[in-house]
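Read the structure below first, then the notes.
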Amino acid sequence: MRVRGEQVAATRERILATAMQLFGTRLYDEVSLDVVAAGAETTVQTVIRHFGSKDSLFAAVADWSSDRMVAPREEARAGDVGGAVRGLVDHYEEWGDGMFLLLSQEDRVPAIRPQMDEGRAYHRDWVERLMGDALAGLRGAARERRLAQLIAVTDLYTWKLLRRDNGLSRRQTETAIRELIEALGRED
């Protein structure tokens with residue numbers, strides 16, 4: 001019985017890992033349960049038995065991968081801007097391109113939108129937790145404006161502009177984001 005349970009768990013892991021890779025590199029419409037099953041070396045019926053539908057599989061992949069995706073970001077402690085930026089860039093280097101692919105589809109694929117909204121909420125919370133020093137003493141509209149600025153400076157799009165579009169090295173990208181954050185901290 002224990003061996004059977006381990007086999008079922010291993011199959012589920014293979015399905016999730018395969019689906020995660022596919023959803024991060026292909027358009028949602030190009031990822032079929034057949035392709036997932038083949039990549040996971042199982043049957044479509046097994047995928048359906050575990051997850052029910054492609055939308056449910058996508059949601060399960062998002063839940064399954066969320067902790068590992070944000071792990072580098074969670075290593076920094078509050079107030080450690082350098083550590084926060086390093087973890088942020090680590091996160092974007094590994095997951096950024098796949099996240100852009102998903103973001104490009106969120107308006108036309110209903111299953112994607114909730115995951116992207118959850119990511120935006122996580123990012124806002126992360127900025128508040130790790131960069132609270134830059135918000136200290138601010139209230140009301142001034143605090144919301146500064147928070148929005150910090151969210152924008154640390155956003156995936158900012159990383160893409162610096163790293164992909166302008167060709168900065170990883171180290172230069174970290175420096176640029178850190179300098180933008182520090183400049184906001186000096187504003188009054």
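Labels used: A, B, ... for chains in the order of the structure tokens, numbers from 1 for residues in each chain, and numbers from 1 for ligands as shown.
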
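For Leu57 in chain A, the list of residues within 10 Å, based on only C-alpha atoms and with local chain neighbours fewer than 3 positions off taken out, reads Ile15, Leu16, Ala19, Met20, Leu33, Val36, Val47, Ile48, His50, Phe51, Gly52, Ser53, Lys54, Ala60, Val61, Ala62, Asp63 and Ala111 of chain A.
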
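Minimum atom-to-atom distances from A:Glu13, A:Leu27, A:Phe58, A:Glu75 to Glu41 in chain A were compared using only C-alpha atoms, and the lowest value belongs to A:Glu13.
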
Counting only C-alpha atoms, what is within 8 Å of range 169-173 of chain A, bar same-chain residues fewer than 5 positions away, as a ChimeraX atom specification? /A:89,159,162-163

Dump of all heavy atoms for the selected residues, as a short mmCIF file (atom, residue, chain, number, x, y, z; two decimals), in the first residue's frame:
```
data_model
loop_
_atom_site.label_atom_id
_atom_site.label_comp_id
_atom_site.auth_asym_id
_atom_site.auth_seq_id
_atom_site.Cartn_x
_atom_site.Cartn_y
_atom_site.Cartn_z
N VAL A 89 15.95 39.68 -8.15
CA VAL A 89 16.56 39.42 -9.46
C VAL A 89 16.77 37.92 -9.66
O VAL A 89 16.54 37.41 -10.76
CB VAL A 89 17.86 40.24 -9.64
CG1 VAL A 89 18.60 39.82 -10.90
CG2 VAL A 89 17.53 41.74 -9.69
N TRP A 159 12.55 44.96 -14.38
CA TRP A 159 13.64 43.99 -14.62
C TRP A 159 13.79 43.76 -16.12
O TRP A 159 14.89 43.76 -16.65
CB TRP A 159 13.34 42.70 -13.88
CG TRP A 159 14.23 41.56 -14.28
CD1 TRP A 159 15.50 41.30 -13.82
CD2 TRP A 159 13.93 40.52 -15.23
NE1 TRP A 159 16.00 40.17 -14.41
CE2 TRP A 159 15.05 39.67 -15.29
CE3 TRP A 159 12.83 40.23 -16.02
CZ2 TRP A 159 15.10 38.55 -16.11
CZ3 TRP A 159 12.87 39.12 -16.84
CH2 TRP A 159 14.00 38.30 -16.89
N LEU A 162 15.40 46.72 -17.94
CA LEU A 162 16.82 46.83 -17.65
C LEU A 162 17.62 45.67 -18.24
O LEU A 162 18.63 45.87 -18.91
CB LEU A 162 17.04 46.90 -16.14
CG LEU A 162 16.46 48.11 -15.42
CD1 LEU A 162 16.53 47.92 -13.92
CD2 LEU A 162 17.19 49.38 -15.85
N ARG A 163 17.17 44.47 -17.97
CA ARG A 163 17.93 43.26 -18.29
C ARG A 163 17.77 42.83 -19.74
O ARG A 163 18.74 42.58 -20.42
CB ARG A 163 17.46 42.14 -17.34
CG ARG A 163 18.25 40.87 -17.46
CD ARG A 163 19.52 40.97 -16.63
NE ARG A 163 20.06 39.65 -16.44
CZ ARG A 163 21.10 39.19 -17.12
NH1 ARG A 163 21.72 39.94 -18.00
NH2 ARG A 163 21.54 37.97 -16.90
#
```

Residue neighbourhood Gly79 in chain A, 9 Å, only C-alpha atoms, exclusion window fewer than 4 positions, as a list of chain:residue names: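 What passes the distance filter is A:Gly83, A:Ala84, A:Arg129, A:Leu130, A:Met131, A:Gly132, A:Asp133, A:Ala134.
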
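Distances here use only C-alpha atoms; by that measure, the residue among A:Leu150, A:Tyr157, A:Gly137, A:Gln7 closest to Val81 in chain A is A:Leu150.
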